[in-house]
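Structure below is query.cif: mmCIF, C-alpha atoms and all ligand atoms.
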```
data_my_file
#
loop_
_atom_site.group_PDB
_atom_site.id
_atom_site.type_symbol
_atom_site.label_atom_id
_atom_site.label_comp_id
_atom_site.auth_asym_id
_atom_site.auth_seq_id
_atom_site.Cartn_x
_atom_site.Cartn_y
_atom_site.Cartn_z
ATOM 1 C CA MET T 1446 14.713 -62.017 87.564
ATOM 2 C CA ALA T 1447 17.158 -59.138 87.496
ATOM 3 C CA ARG T 1448 16.811 -56.784 84.577
ATOM 4 C CA THR T 1449 19.029 -57.662 81.624
ATOM 5 C CA LEU T 1450 19.510 -55.166 78.811
ATOM 6 C CA ILE T 1451 20.233 -55.999 75.189
ATOM 7 C CA GLY T 1452 21.366 -53.658 72.431
ATOM 8 C CA ALA T 1453 19.368 -54.266 69.260
ATOM 9 C CA ALA T 1454 19.535 -52.835 65.759
ATOM 10 C CA ASP T 1455 17.346 -53.457 62.736
ATOM 11 C CA ILE T 1456 19.233 -52.559 59.548
ATOM 12 C CA GLY T 1457 16.918 -51.810 56.625
ATOM 13 C CA GLY T 1458 17.676 -50.539 53.138
ATOM 14 C CA THR T 1459 16.654 -46.984 54.038
ATOM 15 C CA LYS T 1460 16.850 -46.730 57.823
ATOM 16 C CA ILE T 1461 18.410 -48.302 60.892
ATOM 17 C CA LEU T 1462 16.459 -48.594 64.151
ATOM 18 C CA ALA T 1463 18.743 -48.923 67.173
ATOM 19 C CA ALA T 1464 17.125 -49.744 70.503
ATOM 20 C CA ILE T 1465 17.752 -50.819 74.069
ATOM 21 C CA VAL T 1466 15.448 -53.716 74.951
ATOM 22 C CA ASP T 1467 15.007 -55.294 78.379
ATOM 23 C CA ASN T 1468 14.413 -58.967 79.172
ATOM 24 C CA ASP T 1469 10.633 -58.440 79.118
ATOM 25 C CA GLY T 1470 10.769 -57.092 75.560
ATOM 26 C CA HIS T 1471 10.250 -53.448 76.529
ATOM 27 C CA VAL T 1472 12.013 -50.847 74.388
ATOM 28 C CA LEU T 1473 13.678 -48.411 76.812
ATOM 29 C CA GLY T 1474 15.378 -46.117 74.319
ATOM 30 C CA GLU T 1475 15.601 -45.852 70.547
ATOM 31 C CA ARG T 1476 17.223 -43.916 67.717
ATOM 32 C CA ARG T 1477 16.498 -43.969 63.993
ATOM 33 C CA ILE T 1478 19.104 -43.035 61.403
ATOM 34 C CA ALA T 1479 19.354 -43.240 57.613
ATOM 35 C CA THR T 1480 21.206 -46.342 56.420
ATOM 36 C CA GLU T 1481 22.894 -44.672 53.426
ATOM 37 C CA PRO T 1482 24.326 -48.054 52.362
ATOM 38 C CA GLU T 1483 26.422 -46.435 49.617
ATOM 39 C CA ARG T 1484 28.745 -45.096 52.351
ATOM 40 C CA GLY T 1485 29.804 -48.709 52.998
ATOM 41 C CA PRO T 1486 29.626 -51.114 55.926
ATOM 42 C CA GLU T 1487 32.471 -49.553 58.004
ATOM 43 C CA ASP T 1488 30.711 -46.204 58.046
ATOM 44 C CA GLY T 1489 27.256 -47.760 58.488
ATOM 45 C CA LEU T 1490 28.265 -49.869 61.477
ATOM 46 C CA ALA T 1491 30.063 -46.921 63.132
ATOM 47 C CA ARG T 1492 26.905 -44.828 62.843
ATOM 48 C CA LEU T 1493 24.813 -47.793 64.051
ATOM 49 C CA LEU T 1494 26.912 -47.964 67.231
ATOM 50 C CA ASP T 1495 26.634 -44.171 67.696
ATOM 51 C CA ALA T 1496 22.850 -44.498 67.415
ATOM 52 C CA LEU T 1497 22.905 -47.351 69.911
ATOM 53 C CA ALA T 1498 24.920 -45.214 72.334
ATOM 54 C CA GLY T 1499 22.281 -42.494 71.904
ATOM 55 C CA ALA T 1500 19.496 -44.978 72.589
ATOM 56 C CA ALA T 1501 21.362 -46.167 75.690
ATOM 57 C CA ALA T 1502 21.723 -42.577 76.882
ATOM 58 C CA ASP T 1503 17.959 -42.093 76.407
ATOM 59 C CA ALA T 1504 17.408 -45.228 78.489
ATOM 60 C CA GLY T 1505 19.750 -43.874 81.166
ATOM 61 C CA VAL T 1506 22.304 -46.676 80.848
ATOM 62 C CA GLY T 1507 25.807 -47.132 79.436
ATOM 63 C CA ILE T 1508 26.770 -49.465 76.592
ATOM 64 C CA ALA T 1509 28.959 -51.389 79.033
ATOM 65 C CA THR T 1510 25.873 -52.541 80.967
ATOM 66 C CA LEU T 1511 24.484 -54.337 77.894
ATOM 67 C CA ARG T 1512 24.549 -58.119 77.954
ATOM 68 C CA ALA T 1513 24.790 -58.576 74.183
ATOM 69 C CA LEU T 1514 24.129 -56.939 70.830
ATOM 70 C CA GLY T 1515 21.646 -58.312 68.307
ATOM 71 C CA VAL T 1516 21.531 -57.051 64.717
ATOM 72 C CA THR T 1517 19.135 -57.845 61.876
ATOM 73 C CA ILE T 1518 19.977 -57.687 58.171
ATOM 74 C CA PRO T 1519 17.654 -57.392 55.128
ATOM 75 C CA GLY T 1520 18.903 -60.606 53.525
ATOM 76 C CA PRO T 1521 19.763 -64.191 54.336
ATOM 77 C CA ILE T 1522 22.655 -64.652 56.737
ATOM 78 C CA ASP T 1523 24.113 -67.756 58.326
ATOM 79 C CA PRO T 1524 23.658 -66.994 62.047
ATOM 80 C CA ARG T 1525 26.758 -69.051 62.941
ATOM 81 C CA ALA T 1526 29.212 -67.599 60.409
ATOM 82 C CA GLN T 1527 27.766 -64.059 60.877
ATOM 83 C CA VAL T 1528 29.121 -63.039 57.476
ATOM 84 C CA LEU T 1529 26.740 -61.137 55.216
ATOM 85 C CA PRO T 1530 27.179 -62.474 51.655
ATOM 86 C CA GLY T 1531 25.267 -59.493 50.268
ATOM 87 C CA ALA T 1532 21.765 -58.028 50.311
ATOM 88 C CA PRO T 1533 19.789 -56.426 47.457
ATOM 89 C CA ASN T 1534 18.896 -53.422 49.656
ATOM 90 C CA LEU T 1535 22.486 -52.894 50.818
ATOM 91 C CA PRO T 1536 24.389 -52.420 47.556
ATOM 92 C CA GLY T 1537 28.155 -52.654 48.080
ATOM 93 C CA TRP T 1538 27.886 -54.628 51.331
ATOM 94 C CA LYS T 1539 29.492 -57.830 50.029
ATOM 95 C CA ASN T 1540 31.003 -60.567 52.228
ATOM 96 C CA VAL T 1541 30.895 -58.339 55.290
ATOM 97 C CA PRO T 1542 32.049 -60.098 58.496
ATOM 98 C CA LEU T 1543 29.319 -58.343 60.468
ATOM 99 C CA GLY T 1544 29.647 -60.391 63.638
ATOM 100 C CA ARG T 1545 33.381 -59.848 63.972
ATOM 101 C CA MET T 1546 33.235 -56.142 63.043
ATOM 102 C CA LEU T 1547 30.469 -55.399 65.535
ATOM 103 C CA ARG T 1548 32.124 -57.476 68.265
ATOM 104 C CA GLU T 1549 35.455 -55.665 67.845
ATOM 105 C CA ARG T 1550 33.859 -52.236 67.797
ATOM 106 C CA SER T 1551 31.358 -52.742 70.637
ATOM 107 C CA GLY T 1552 33.153 -55.212 72.891
ATOM 108 C CA LEU T 1553 29.851 -57.096 73.163
ATOM 109 C CA PRO T 1554 28.848 -60.620 72.173
ATOM 110 C CA VAL T 1555 26.956 -60.343 68.876
ATOM 111 C CA VAL T 1556 23.998 -62.210 67.384
ATOM 112 C CA VAL T 1557 22.925 -61.613 63.768
ATOM 113 C CA GLU T 1558 19.795 -62.806 62.018
ATOM 114 C CA ASN T 1559 17.718 -62.075 58.933
ATOM 115 C CA ASP T 1560 15.227 -59.258 59.596
ATOM 116 C CA ALA T 1561 12.047 -61.216 58.815
ATOM 117 C CA ASN T 1562 13.255 -64.153 60.913
ATOM 118 C CA ALA T 1563 13.935 -61.766 63.798
ATOM 119 C CA ALA T 1564 10.482 -60.199 63.364
ATOM 120 C CA ALA T 1565 8.980 -63.693 63.456
ATOM 121 C CA LEU T 1566 10.791 -64.345 66.739
ATOM 122 C CA GLY T 1567 9.579 -61.010 68.127
ATOM 123 C CA GLU T 1568 5.936 -61.819 67.370
ATOM 124 C CA TYR T 1569 6.423 -65.385 68.630
ATOM 125 C CA ALA T 1570 8.017 -64.395 71.933
ATOM 126 C CA ARG T 1571 6.358 -61.049 72.694
ATOM 127 C CA GLY T 1572 3.625 -60.336 70.159
ATOM 128 C CA ALA T 1573 0.627 -61.863 68.398
ATOM 129 C CA GLY T 1574 2.136 -65.379 68.355
ATOM 130 C CA ARG T 1575 2.677 -65.707 72.114
ATOM 131 C CA SER T 1576 1.666 -69.073 73.598
ATOM 132 C CA THR T 1577 1.977 -70.897 70.261
ATOM 133 C CA ARG T 1578 4.575 -73.524 69.304
ATOM 134 C CA ASP T 1579 3.995 -73.496 65.538
ATOM 135 C CA MET T 1580 3.741 -70.011 64.114
ATOM 136 C CA THR T 1581 4.375 -68.598 60.667
ATOM 137 C CA TYR T 1582 5.132 -64.923 60.213
ATOM 138 C CA ILE T 1583 4.653 -63.093 56.958
ATOM 139 C CA THR T 1584 5.244 -59.420 56.287
ATOM 140 C CA ALA T 1585 3.589 -57.733 53.324
ATOM 141 C CA SER T 1586 4.861 -54.252 52.494
ATOM 142 C CA THR T 1587 7.069 -53.100 49.583
ATOM 143 C CA GLY T 1588 8.355 -56.698 49.546
ATOM 144 C CA ILE T 1589 7.104 -59.897 51.141
ATOM 145 C CA GLY T 1590 9.184 -61.780 53.702
ATOM 146 C CA GLY T 1591 8.603 -64.267 56.430
ATOM 147 C CA GLY T 1592 9.868 -66.520 59.168
ATOM 148 C CA ILE T 1593 8.850 -69.960 60.347
ATOM 149 C CA ILE T 1594 8.739 -71.150 63.956
ATOM 150 C CA ALA T 1595 8.265 -74.924 64.094
ATOM 151 C CA ASN T 1596 7.879 -76.707 67.411
ATOM 152 C CA GLY T 1597 9.230 -73.644 69.222
ATOM 153 C CA ARG T 1598 12.332 -73.170 67.056
ATOM 154 C CA LEU T 1599 13.171 -70.833 64.224
ATOM 155 C CA VAL T 1600 13.681 -72.731 60.968
ATOM 156 C CA SER T 1601 16.962 -71.373 59.530
ATOM 157 C CA GLY T 1602 17.838 -73.851 56.808
ATOM 158 C CA LEU T 1603 21.297 -74.625 55.454
ATOM 159 C CA ASN T 1604 22.120 -71.009 54.501
ATOM 160 C CA GLY T 1605 19.975 -69.155 57.017
ATOM 161 C CA ALA T 1606 17.626 -68.469 54.124
ATOM 162 C CA ALA T 1607 14.575 -70.542 55.118
ATOM 163 C CA GLY T 1608 11.220 -68.784 55.261
ATOM 164 C CA GLU T 1609 11.567 -66.763 52.048
ATOM 165 C CA VAL T 1610 7.807 -66.960 51.628
ATOM 166 C CA GLY T 1611 7.769 -64.022 49.205
ATOM 167 C CA HIS T 1612 9.406 -66.209 46.569
ATOM 168 C CA MET T 1613 6.878 -69.035 46.618
ATOM 169 C CA VAL T 1614 5.797 -69.261 42.996
ATOM 170 C CA ILE T 1615 2.066 -68.583 42.830
ATOM 171 C CA LEU T 1616 1.599 -68.001 39.112
ATOM 172 C CA VAL T 1617 3.837 -69.861 36.646
ATOM 173 C CA ASP T 1618 4.876 -67.406 33.885
ATOM 174 C CA GLY T 1619 3.489 -64.553 36.012
ATOM 175 C CA PRO T 1620 5.059 -61.087 36.316
ATOM 176 C CA MET T 1621 8.803 -60.711 36.858
ATOM 177 C CA CYS T 1622 9.969 -60.666 40.475
ATOM 178 C CA GLY T 1623 12.902 -58.690 41.906
ATOM 179 C CA CYS T 1624 14.645 -62.047 42.423
ATOM 180 C CA GLY T 1625 14.723 -62.686 38.661
ATOM 181 C CA ARG T 1626 12.024 -65.367 38.668
ATOM 182 C CA ARG T 1627 8.432 -65.089 37.534
ATOM 183 C CA GLY T 1628 5.159 -65.241 39.418
ATOM 184 C CA CYS T 1629 6.536 -65.119 42.981
ATOM 185 C CA LEU T 1630 4.109 -64.061 45.731
ATOM 186 C CA GLU T 1631 6.125 -60.829 46.052
ATOM 187 C CA ALA T 1632 5.589 -60.093 42.348
ATOM 188 C CA LEU T 1633 1.811 -60.435 42.805
ATOM 189 C CA ALA T 1634 0.806 -59.258 46.274
ATOM 190 C CA SER T 1635 3.419 -56.761 47.530
ATOM 191 C CA GLY T 1636 3.086 -52.984 47.567
ATOM 192 C CA THR T 1637 5.537 -52.887 44.670
ATOM 193 C CA ALA T 1638 3.357 -55.297 42.675
ATOM 194 C CA ILE T 1639 0.198 -53.253 43.372
ATOM 195 C CA ALA T 1640 1.987 -50.063 42.284
ATOM 196 C CA ARG T 1641 3.326 -51.762 39.132
ATOM 197 C CA GLU T 1642 -0.161 -52.950 38.081
ATOM 198 C CA ALA T 1643 -1.615 -49.513 38.838
ATOM 199 C CA ALA T 1644 1.028 -47.868 36.640
ATOM 200 C CA ARG T 1645 0.249 -50.301 33.820
ATOM 201 C CA LEU T 1646 -3.501 -49.559 33.958
ATOM 202 C CA ILE T 1647 -2.825 -45.813 34.069
ATOM 203 C CA ALA T 1648 -0.487 -46.040 31.059
ATOM 204 C CA GLU T 1649 -3.181 -47.974 29.171
ATOM 205 C CA GLY T 1650 -5.749 -45.295 30.048
ATOM 206 C CA ARG T 1651 -7.844 -47.771 32.028
ATOM 207 C CA ALA T 1652 -7.611 -46.068 35.442
ATOM 208 C CA PRO T 1653 -8.601 -42.414 34.951
ATOM 209 C CA LEU T 1654 -9.622 -41.781 38.574
ATOM 210 C CA LEU T 1655 -6.409 -43.291 39.872
ATOM 211 C CA ALA T 1656 -4.388 -41.281 37.337
ATOM 212 C CA GLU T 1657 -6.030 -38.094 38.576
ATOM 213 C CA ARG T 1658 -5.057 -38.913 42.134
ATOM 214 C CA ALA T 1659 -1.607 -40.423 41.645
ATOM 215 C CA GLY T 1660 -0.218 -39.126 38.354
ATOM 216 C CA PRO T 1661 1.911 -41.448 36.235
ATOM 217 C CA VAL T 1662 3.843 -42.953 39.185
ATOM 218 C CA PRO T 1663 1.293 -44.428 41.609
ATOM 219 C CA THR T 1664 2.155 -46.095 44.914
ATOM 220 C CA ALA T 1665 0.233 -48.767 46.813
ATOM 221 C CA LYS T 1666 -0.839 -45.976 49.178
ATOM 222 C CA HIS T 1667 -2.415 -44.061 46.256
ATOM 223 C CA VAL T 1668 -4.263 -47.240 45.276
ATOM 224 C CA ALA T 1669 -5.516 -47.761 48.855
ATOM 225 C CA GLU T 1670 -6.731 -44.139 49.032
ATOM 226 C CA ALA T 1671 -8.478 -44.390 45.666
ATOM 227 C CA ALA T 1672 -10.120 -47.676 46.709
ATOM 228 C CA ALA T 1673 -11.342 -46.082 49.946
ATOM 229 C CA ALA T 1674 -12.806 -43.216 47.868
ATOM 230 C CA GLY T 1675 -14.796 -45.738 45.811
ATOM 231 C CA ASP T 1676 -12.608 -46.181 42.706
ATOM 232 C CA GLU T 1677 -13.535 -49.636 41.398
ATOM 233 C CA VAL T 1678 -10.305 -50.091 39.430
ATOM 234 C CA ALA T 1679 -8.284 -49.515 42.596
ATOM 235 C CA GLN T 1680 -10.556 -51.842 44.558
ATOM 236 C CA ARG T 1681 -10.021 -54.571 41.982
ATOM 237 C CA LEU T 1682 -6.236 -54.120 42.188
ATOM 238 C CA LEU T 1683 -6.386 -54.639 45.957
ATOM 239 C CA ASP T 1684 -8.795 -57.582 45.588
ATOM 240 C CA ASP T 1685 -6.395 -59.308 43.199
ATOM 241 C CA ALA T 1686 -3.399 -58.734 45.498
ATOM 242 C CA ALA T 1687 -5.379 -59.959 48.538
ATOM 243 C CA ARG T 1688 -6.423 -63.090 46.657
ATOM 244 C CA TYR T 1689 -2.797 -63.839 45.726
ATOM 245 C CA LEU T 1690 -1.770 -63.299 49.335
ATOM 246 C CA GLY T 1691 -4.581 -65.694 50.275
ATOM 247 C CA ILE T 1692 -3.102 -68.340 47.959
ATOM 248 C CA GLY T 1693 0.256 -67.785 49.664
ATOM 249 C CA LEU T 1694 -1.347 -68.213 53.084
ATOM 250 C CA MET T 1695 -3.078 -71.381 51.910
ATOM 251 C CA ASN T 1696 0.246 -72.857 50.739
ATOM 252 C CA LEU T 1697 1.812 -72.032 54.104
ATOM 253 C CA ILE T 1698 -1.117 -73.661 55.904
ATOM 254 C CA HIS T 1699 -0.767 -76.841 53.882
ATOM 255 C CA LEU T 1700 3.002 -76.932 54.248
ATOM 256 C CA LEU T 1701 3.321 -76.092 57.948
ATOM 257 C CA ASN T 1702 -0.077 -76.634 59.613
ATOM 258 C CA PRO T 1703 0.608 -73.683 61.943
ATOM 259 C CA GLU T 1704 -1.395 -72.707 64.995
ATOM 260 C CA ALA T 1705 -1.133 -69.041 64.025
ATOM 261 C CA ILE T 1706 -0.120 -67.049 60.969
ATOM 262 C CA VAL T 1707 0.928 -63.559 62.051
ATOM 263 C CA VAL T 1708 0.830 -60.987 59.260
ATOM 264 C CA GLY T 1709 2.765 -57.718 59.516
ATOM 265 C CA GLY T 1710 3.741 -54.960 57.103
ATOM 266 C CA GLY T 1711 2.136 -51.863 55.657
ATOM 267 C CA LEU T 1712 -0.450 -53.648 53.499
ATOM 268 C CA THR T 1713 -2.175 -54.990 56.644
ATOM 269 C CA LYS T 1714 -3.079 -51.347 57.451
ATOM 270 C CA ILE T 1715 -5.324 -51.186 54.380
ATOM 271 C CA PRO T 1716 -8.869 -51.776 55.685
ATOM 272 C CA GLY T 1717 -10.112 -55.244 54.795
ATOM 273 C CA PHE T 1718 -6.949 -56.344 52.967
ATOM 274 C CA LEU T 1719 -5.800 -58.993 55.445
ATOM 275 C CA ASP T 1720 -9.412 -60.075 56.094
ATOM 276 C CA ARG T 1721 -9.916 -60.761 52.384
ATOM 277 C CA ALA T 1722 -6.655 -62.717 52.115
ATOM 278 C CA ALA T 1723 -7.456 -64.736 55.252
ATOM 279 C CA ALA T 1724 -11.010 -65.451 54.100
ATOM 280 C CA PHE T 1725 -9.715 -66.730 50.758
ATOM 281 C CA ALA T 1726 -7.205 -69.024 52.489
ATOM 282 C CA ARG T 1727 -9.826 -70.372 54.914
ATOM 283 C CA GLU T 1728 -12.304 -70.982 52.125
ATOM 284 C CA HIS T 1729 -9.865 -72.942 49.953
ATOM 285 C CA ALA T 1730 -7.536 -74.718 52.405
ATOM 286 C CA ILE T 1731 -8.018 -78.217 53.806
ATOM 287 C CA PRO T 1732 -10.697 -77.659 56.486
ATOM 288 C CA LEU T 1733 -8.992 -79.716 59.207
ATOM 289 C CA MET T 1734 -5.990 -77.377 59.031
ATOM 290 C CA THR T 1735 -7.987 -74.174 59.440
ATOM 291 C CA GLU T 1736 -10.394 -75.132 62.233
ATOM 292 C CA ARG T 1737 -8.088 -74.060 65.063
ATOM 293 C CA LEU T 1738 -5.824 -71.793 63.010
ATOM 294 C CA ARG T 1739 -5.620 -68.083 63.841
ATOM 295 C CA ILE T 1740 -4.655 -65.592 61.117
ATOM 296 C CA VAL T 1741 -3.893 -62.364 62.960
ATOM 297 C CA PRO T 1742 -2.190 -59.004 62.410
ATOM 298 C CA ALA T 1743 1.245 -58.495 63.961
ATOM 299 C CA ALA T 1744 1.228 -56.788 67.352
ATOM 300 C CA LEU T 1745 4.635 -55.093 67.505
ATOM 301 C CA ASP T 1746 4.557 -52.930 64.368
ATOM 302 C CA ASP T 1747 8.060 -51.984 63.264
ATOM 303 C CA TYR T 1748 9.511 -53.018 66.640
ATOM 304 C CA SER T 1749 9.103 -56.744 65.936
ATOM 305 C CA GLY T 1750 12.665 -56.964 64.555
ATOM 306 C CA VAL T 1751 14.498 -55.322 67.462
ATOM 307 C CA VAL T 1752 12.326 -57.087 70.050
ATOM 308 C CA GLY T 1753 12.900 -60.419 68.302
ATOM 309 C CA ILE T 1754 16.669 -60.056 67.908
ATOM 310 C CA ALA T 1755 16.938 -58.924 71.544
ATOM 311 C CA TRP T 1756 14.990 -62.011 72.637
ATOM 312 C CA LEU T 1757 17.268 -64.220 70.513
ATOM 313 C CA ALA T 1758 20.385 -62.569 71.956
ATOM 314 C CA LEU T 1759 19.002 -63.107 75.465
ATOM 315 C CA GLN T 1760 18.300 -66.792 74.754
ATOM 316 C CA HIS T 1761 21.810 -67.308 73.417
ATOM 317 C CA SER T 1762 23.745 -64.943 75.642
ATOM 318 C CA ASP T 1763 25.109 -67.752 77.829
ATOM 319 C CA THR T 1764 26.245 -69.722 74.782
ATOM 320 C CA ILE T 1765 27.781 -66.798 72.895
ATOM 321 C CA LEU T 1766 29.550 -65.569 76.024
ATOM 322 C CA ARG T 1767 31.069 -69.011 76.600
ATOM 323 C CA THR T 1768 32.079 -69.376 72.941
ATOM 324 C CA GLU T 1769 33.871 -66.050 72.971
ATOM 325 C CA GLU T 1770 35.665 -66.757 76.240
ATOM 326 C CA GLN T 1771 37.005 -69.930 74.628
ATOM 327 C CA ALA T 1772 38.050 -68.140 71.450
HETATM 328 ZN ZN ZN K 1 10.903 -63.853 43.650
#
```
Please lay out the structure from this file as structure tokens.
Amino acid sequence: MARTLIGAADIGGTKILAAIVDNDGHVLGERRIATEPERGPEDGLARLLDALAGAAADAGVGIATLRALGVTIPGPIDPRAQVLPGAPNLPGWKNVPLGRMLRERSGLPVVVENDANAAALGEYARGAGRSTRDMTYITASTGIGGGIIANGRLVSGLNGAAGEVGHMVILVDGPMCGCGRRGCLEALASGTAIAREAARLIAEGRAPLLAERAGPVPTAKHVAEAAAAGDEVAQRLLDDAARYLGIGLMNLIHLLNPEAIVVGGGLTKIPGFLDRAAAFAREHAIPLMTERLRIVPAALDDYSGVVGIAWLALQHSDTILRTEEQA
């Protein structure tokens, strides 16, 4: 098969990764820039395309040789309408016709998808979920997101919002979540949740060792470091978060009966964290559904999004090209 190149960009709340990806999922060139969402979508997309041109130059190719452009967004987006209704991490980006804007400015066919869904596709097609048909992806870092592949297809849902695994309610009347509800998985097992609990214990004077290390504003990283140094309070914070993540995994197992659950995100770098969550899920889930299940760390790190959106753009490039020729 001749080499086909896709332009890919992963838009996050703080940074944008622009990359050139080939049809085998190899990243040939990349640039990272600050998102600075407050400068607005016009400015952000112009800088995204500049970064993509830089990545293409690094790869030794021109933008014109790209087959398509795939872009991921940190919020739900209908992949057909390609209009971003809004995203909590992109304040001011409201009702942005991303697909049309990027198409007009790049001259390329454009595919857009939610970032966690794209990461799920990346792991499914090129990463830890290869050779499966039913795979669930979950990412645990400052927030918790996910994507569901069922029978070889991404589950999008009516609004492109399926797979919001971070907002499964785990603890009725639990702590407040960023979404405005209580007791979501994200409010219990994310880096933000770990940091919030650490701050509470410090304020109550119940975590003196952690306070010494982190001061009044601890992060999940501080907690992980303190736990590694033997601080029992920090270890208990991580144990609690891992157990809640385990309950989330168990719910996903019961709902989807996947062949693999691929877990990405910064929290999986904490030694033993994913193992504890997986062990809890295996111990408590229906045994039939865990016998052949694999619970594994993601393989593509922070490239899962660009690799996944490039794969999606490649799969759809015939269709999107035809649609645009008709338009
Ligand atoms: Zn929530």
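For the atom pair formed by CA of Ile1647 in chain T and CA of Leu1690 in chain T, the distance is 23.2 Å, given to one decimal.
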Within 9 Å of range 1465-1473 of chain T using all atoms listed in the file, minus same-chain residues under 3 positions, as an MDAnalysis selection string: chainID T and resid 1446:1454 1497 1500:1501 1503:1505 1511 1567 1570:1571 1748 1751:1753 1755:1756 1759
Selected residues written out, C-alpha atoms, as a short mmCIF file (atom, residue, chain, number, x, y, z; two decimals), in the frame of the given file:
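Result went into part03.cif, see below:
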```cif
data_model
loop_
_atom_site.label_atom_id
_atom_site.label_comp_id
_atom_site.auth_asym_id
_atom_site.auth_seq_id
_atom_site.Cartn_x
_atom_site.Cartn_y
_atom_site.Cartn_z
CA MET T 1446 14.71 -62.02 87.56
CA ALA T 1447 17.16 -59.14 87.50
CA ARG T 1448 16.81 -56.78 84.58
CA THR T 1449 19.03 -57.66 81.62
CA LEU T 1450 19.51 -55.17 78.81
CA ILE T 1451 20.23 -56.00 75.19
CA GLY T 1452 21.37 -53.66 72.43
CA ALA T 1453 19.37 -54.27 69.26
CA ALA T 1454 19.54 -52.84 65.76
CA LEU T 1497 22.90 -47.35 69.91
CA ALA T 1500 19.50 -44.98 72.59
CA ALA T 1501 21.36 -46.17 75.69
CA ASP T 1503 17.96 -42.09 76.41
CA ALA T 1504 17.41 -45.23 78.49
CA GLY T 1505 19.75 -43.87 81.17
CA LEU T 1511 24.48 -54.34 77.89
CA GLY T 1567 9.58 -61.01 68.13
CA ALA T 1570 8.02 -64.40 71.93
CA ARG T 1571 6.36 -61.05 72.69
CA TYR T 1748 9.51 -53.02 66.64
CA VAL T 1751 14.50 -55.32 67.46
CA VAL T 1752 12.33 -57.09 70.05
CA GLY T 1753 12.90 -60.42 68.30
CA ALA T 1755 16.94 -58.92 71.54
CA TRP T 1756 14.99 -62.01 72.64
CA LEU T 1759 19.00 -63.11 75.46
#
```
Site check for ligand ZN 1 (chain K): residues at most 10 Å away, only C-alpha atoms and all ligand atoms, as a PyMOL selection string: chain T and resi 1588-1589+1609-1614+1620-1633
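Interatomic distance, CA of Ala1638 in chain T to CA of Asp1685 in chain T: 10.6 Å.
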Output as CSV one row per residue of range 1602-1707 of chain T within 9 Å of range 1539-1561 of chain T: the closest atom pair and its distance in Å to one decimal place, counting only C-alpha atoms, sorted by chain and residue number ascending.
```
residue,atom,partner,partner_atom,distance
T:Gly1605,CA,T:Asn1559,CA,7.7
T:Ala1606,CA,T:Asn1559,CA,8.0
T:Gly1608,CA,T:Ala1561,CA,8.4
T:Glu1609,CA,T:Ala1561,CA,8.8
```
Residues returned when the PyMOL selection byres (((chain T and resi 1535) around 8) and not hetatm) runs on this file, as number ranges by chain: T: 1458, 1482-1483, 1519, 1531-1534, 1536-1538
Range 1452-1467 of chain T, all listed atoms, 4 Å padding on each side: what axis-aligned box centre and edge lengths in Å to one decimal come out, as lines of an AutoDock Vina configuration file?
```
center_x = 18.2
center_y = -51.0
center_z = 65.8
size_x = 14.4
size_y = 16.6
size_z = 33.2
```
One decimal, Å: what's the distance from CA of Glu1728 in chain T over to CA of Gly1691 in chain T, could you say? 9.5 Å
Selection dump of the PyMOL selection byres (((chain T and resi 1665) around 8) and not hetatm), as a PDB file with C-alpha atoms, in the frame of the given file:
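Dumped everything to part_31.pdb:
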```
ATOM      1  CA  GLY T1636       3.086 -52.984  47.567  1.00  0.00           C
ATOM      2  CA  THR T1637       5.537 -52.887  44.670  1.00  0.00           C
ATOM      3  CA  ILE T1639       0.198 -53.253  43.372  1.00  0.00           C
ATOM      4  CA  ALA T1640       1.987 -50.063  42.284  1.00  0.00           C
ATOM      5  CA  PRO T1663       1.293 -44.428  41.609  1.00  0.00           C
ATOM      6  CA  THR T1664       2.155 -46.095  44.914  1.00  0.00           C
ATOM      7  CA  LYS T1666      -0.839 -45.976  49.178  1.00  0.00           C
ATOM      8  CA  HIS T1667      -2.415 -44.061  46.256  1.00  0.00           C
ATOM      9  CA  VAL T1668      -4.263 -47.240  45.276  1.00  0.00           C
ATOM     10  CA  ALA T1669      -5.516 -47.761  48.855  1.00  0.00           C
TER      11      ALA T1669
END
```
Specify as a PyMOL selection string each residue included when the PyMOL selection byres (((chain T and resi 1701) around 9) and not hetatm) is applied to this file. chain T and resi 1579-1581+1593+1595+1696-1700+1702-1703
Nearest candidate to Asn1562 in chain T (options T:Ile1731, T:Leu1738, T:Ile1754, T:Val1678; using only C-alpha atoms): T:Ile1754
Using only C-alpha atoms, which residue out of T:Asn1604, T:Asp1495, T:Pro1486, T:Tyr1582 lies closest to Gly1520 in chain T? T:Asn1604
Please, which residues are within 12 Å of (-13.6, -60.2, 45.8) by the file's coordinates, counting only C-alpha atoms, and could they come as an mmCIF file with C-alpha atoms, in the coordinates of the input?
```
data_model
loop_
_atom_site.group_PDB
_atom_site.id
_atom_site.type_symbol
_atom_site.label_atom_id
_atom_site.label_comp_id
_atom_site.auth_asym_id
_atom_site.auth_seq_id
_atom_site.Cartn_x
_atom_site.Cartn_y
_atom_site.Cartn_z
ATOM 1 C CA GLU T 1677 -13.535 -49.636 41.398
ATOM 2 C CA GLN T 1680 -10.556 -51.842 44.558
ATOM 3 C CA ARG T 1681 -10.021 -54.571 41.982
ATOM 4 C CA LEU T 1682 -6.236 -54.120 42.188
ATOM 5 C CA LEU T 1683 -6.386 -54.639 45.957
ATOM 6 C CA ASP T 1684 -8.795 -57.582 45.588
ATOM 7 C CA ASP T 1685 -6.395 -59.308 43.199
ATOM 8 C CA ALA T 1686 -3.399 -58.734 45.498
ATOM 9 C CA ALA T 1687 -5.379 -59.959 48.538
ATOM 10 C CA ARG T 1688 -6.423 -63.090 46.657
ATOM 11 C CA TYR T 1689 -2.797 -63.839 45.726
ATOM 12 C CA GLY T 1691 -4.581 -65.694 50.275
ATOM 13 C CA GLY T 1717 -10.112 -55.244 54.795
ATOM 14 C CA PHE T 1718 -6.949 -56.344 52.967
ATOM 15 C CA ASP T 1720 -9.412 -60.075 56.094
ATOM 16 C CA ARG T 1721 -9.916 -60.761 52.384
ATOM 17 C CA ALA T 1722 -6.655 -62.717 52.115
ATOM 18 C CA ALA T 1724 -11.010 -65.451 54.100
ATOM 19 C CA PHE T 1725 -9.715 -66.730 50.758
#
```
